Amino acid sequence: MYKIRTEVEWDYAHRLIATDGEFYSKNHCGSNHGHRGKAVITLCSIGVDKFGFVIDFGIIRKIIKNWIDNNWDHSTLVNPKDYDLIEFLTNQGDRHFIMPDGYTTSAESMAKFLYLKIRELIEFDHGASLKEVTVYETPTSSATYSE
């Protein structure tokens with residue numbers, strides 16, 4: 001069994017509110033604030049292609065980095081129930097990404113969303129599959145999603 005990893009970094013802002021719209025008020029995370037995010041993408045495979053790759057790192061990084069750059073990088077990630085923030089960002093013309101219904105802007109939600117997005121974007125060959133996605137909100141705090 002082969003296991004490979006690649007990493008992608010980006011900058012983003014968010015604030016934490018619940019899926020029902022309740023604000024997280026226990027600390028500063030309920031206020032809009034920024035992070036240097038990092039995703040660690042792990043793939044597994046029982047085989048390799050004729051060049052000896054599970055998947056070319058350059059190809060997978062380009063696909064994932066392109067999606068993140070176009071959607072999350074230097075953007076405010078917004079809970080779909082955060083109506084006031086959505087209205088403010090829209091009126092200001094600020095770059096933002098509204099998470100789908102049922103998602104928040106937590107590292108856990110971001111890891112699950114990115115996992116499913118990668119499965120949608122990348123066609124895997126020769127027994128390769130996406131194993132897990134870990135999203136780092138800070139250098140010491142992360143969340144991992146796998147199926």
# chains A, B, ... in the order shown; residues from 1 in each chain; ligands from 1
call {"tool": "select_by_dssp", "arguments": {"residues": "segment 42-140 of chain A", "states": "helix (DSSP H, G or I)", "output": "short mmCIF file (atom, residue, chain, number, x, y, z; two decimals) with N, CA and C atoms, in the first residue's frame"}}
result
data_model
loop_
_atom_site.label_atom_id
_atom_site.label_comp_id
_atom_site.auth_asym_id
_atom_site.auth_seq_id
_atom_site.Cartn_x
_atom_site.Cartn_y
_atom_site.Cartn_z
N PHE A 57 2.35 14.71 -7.95
CA PHE A 57 2.15 15.78 -6.97
C PHE A 57 1.81 17.10 -7.64
N GLY A 58 2.48 17.39 -8.74
CA GLY A 58 2.24 18.65 -9.44
C GLY A 58 0.81 18.77 -9.93
N ILE A 59 0.25 17.68 -10.41
CA ILE A 59 -1.13 17.70 -10.91
C ILE A 59 -2.12 17.90 -9.76
N ILE A 60 -1.97 17.11 -8.71
CA ILE A 60 -2.93 17.21 -7.60
C ILE A 60 -2.82 18.57 -6.92
N ARG A 61 -1.59 19.06 -6.72
CA ARG A 61 -1.42 20.38 -6.09
C ARG A 61 -2.03 21.48 -6.95
N LYS A 62 -1.83 21.39 -8.27
CA LYS A 62 -2.37 22.41 -9.17
C LYS A 62 -3.89 22.43 -9.09
N ILE A 63 -4.52 21.29 -9.11
CA ILE A 63 -5.99 21.22 -9.06
C ILE A 63 -6.51 21.77 -7.74
N ILE A 64 -5.94 21.31 -6.64
CA ILE A 64 -6.41 21.74 -5.32
C ILE A 64 -6.07 23.20 -5.07
N LYS A 65 -4.84 23.59 -5.37
CA LYS A 65 -4.41 24.98 -5.15
C LYS A 65 -5.24 25.93 -6.00
N ASN A 66 -5.53 25.55 -7.22
CA ASN A 66 -6.35 26.39 -8.10
C ASN A 66 -7.74 26.60 -7.49
N TRP A 67 -8.35 25.52 -6.99
CA TRP A 67 -9.68 25.66 -6.41
C TRP A 67 -9.61 26.55 -5.17
N ILE A 68 -8.65 26.31 -4.29
CA ILE A 68 -8.52 27.11 -3.08
C ILE A 68 -8.23 28.57 -3.42
N ASP A 69 -7.30 28.81 -4.35
CA ASP A 69 -6.98 30.19 -4.74
C ASP A 69 -8.21 30.92 -5.28
N ASN A 70 -9.04 30.23 -6.04
CA ASN A 70 -10.21 30.85 -6.65
C ASN A 70 -11.38 31.03 -5.69
N ASN A 71 -11.38 30.30 -4.57
CA ASN A 71 -12.54 30.32 -3.69
C ASN A 71 -12.25 30.72 -2.25
N TYR A 83 -26.37 35.93 8.06
CA TYR A 83 -26.99 36.85 7.10
C TYR A 83 -26.39 38.26 7.15
N ASP A 84 -26.11 38.77 8.35
CA ASP A 84 -25.56 40.12 8.47
C ASP A 84 -24.18 40.22 7.81
N LEU A 85 -23.34 39.22 8.04
CA LEU A 85 -21.99 39.24 7.45
C LEU A 85 -22.07 39.09 5.93
N ILE A 86 -22.95 38.24 5.46
CA ILE A 86 -23.12 38.07 4.01
C ILE A 86 -23.56 39.38 3.38
N GLU A 87 -24.53 40.05 4.00
CA GLU A 87 -25.00 41.33 3.48
C GLU A 87 -23.88 42.37 3.49
N PHE A 88 -23.13 42.45 4.59
CA PHE A 88 -22.05 43.42 4.69
C PHE A 88 -20.99 43.17 3.62
N LEU A 89 -20.52 41.93 3.50
CA LEU A 89 -19.47 41.61 2.53
C LEU A 89 -19.93 41.85 1.11
N THR A 90 -21.18 41.51 0.83
CA THR A 90 -21.73 41.73 -0.51
C THR A 90 -21.80 43.22 -0.82
N ASN A 91 -22.31 44.01 0.12
CA ASN A 91 -22.41 45.45 -0.09
C ASN A 91 -21.06 46.12 -0.25
N GLN A 92 -20.05 45.61 0.44
CA GLN A 92 -18.70 46.16 0.36
C GLN A 92 -17.95 45.66 -0.88
N ALA A 107 -12.71 24.38 11.41
CA ALA A 107 -11.73 23.53 10.73
C ALA A 107 -12.34 22.17 10.39
N GLU A 108 -13.20 21.67 11.27
CA GLU A 108 -13.85 20.38 11.03
C GLU A 108 -14.72 20.43 9.77
N SER A 109 -15.53 21.47 9.67
CA SER A 109 -16.39 21.63 8.48
C SER A 109 -15.57 21.86 7.22
N MET A 110 -14.52 22.66 7.35
CA MET A 110 -13.67 22.93 6.19
C MET A 110 -12.99 21.64 5.71
N ALA A 111 -12.54 20.79 6.64
CA ALA A 111 -11.89 19.53 6.27
C ALA A 111 -12.86 18.62 5.52
N LYS A 112 -14.09 18.50 6.02
CA LYS A 112 -15.09 17.66 5.35
C LYS A 112 -15.44 18.22 3.97
N PHE A 113 -15.67 19.54 3.90
CA PHE A 113 -16.02 20.16 2.63
C PHE A 113 -14.91 19.95 1.61
N LEU A 114 -13.67 20.19 2.02
CA LEU A 114 -12.54 20.06 1.10
C LEU A 114 -12.34 18.61 0.67
N TYR A 115 -12.54 17.67 1.58
CA TYR A 115 -12.46 16.24 1.24
C TYR A 115 -13.44 15.92 0.11
N LEU A 116 -14.69 16.32 0.27
CA LEU A 116 -15.71 16.03 -0.74
C LEU A 116 -15.43 16.79 -2.04
N LYS A 117 -14.90 18.01 -1.94
CA LYS A 117 -14.57 18.79 -3.14
C LYS A 117 -13.44 18.13 -3.92
N ILE A 118 -12.43 17.62 -3.24
CA ILE A 118 -11.31 16.94 -3.91
C ILE A 118 -11.80 15.69 -4.61
N ARG A 119 -12.67 14.93 -3.96
CA ARG A 119 -13.22 13.73 -4.62
C ARG A 119 -13.98 14.10 -5.88
N GLU A 120 -14.61 15.26 -5.88
CA GLU A 120 -15.35 15.74 -7.04
C GLU A 120 -14.41 16.19 -8.16
N LEU A 121 -13.28 16.79 -7.81
CA LEU A 121 -12.38 17.40 -8.79
C LEU A 121 -11.36 16.45 -9.41
#
call {"tool": "atom_distance", "arguments": {"atom1": "atom CA of Ile55 of chain A", "atom2": "atom CA of Thr42 of chain A"}}
result
11.1 Å
call {"tool": "atom_distance", "arguments": {"atom1": "atom CA of Asp82 of chain A", "atom2": "atom CA of Tyr145 of chain A"}}
result
23.9 Å
call {"tool": "atom_distance", "arguments": {"atom1": "atom CA of Glu132 of chain A", "atom2": "atom CA of Trp10 of chain A"}}
result
18.6 Å
call {"tool": "closest_residue", "arguments": {"among": "A:Asn79, A:Ser146, A:Asp56, A:Pro100", "to": "Ile122 of chain A", "atoms": "only C-alpha atoms"}}
result
A:Asp56
call {"tool": "select_by_dssp", "arguments": {"residues": "segment 26-141 of chain A", "states": "strand (DSSP E or B)", "output": "VMD selection string"}}
result
chain A and resid 33 to 45 75 to 78 96 to 98 129 to 138 141
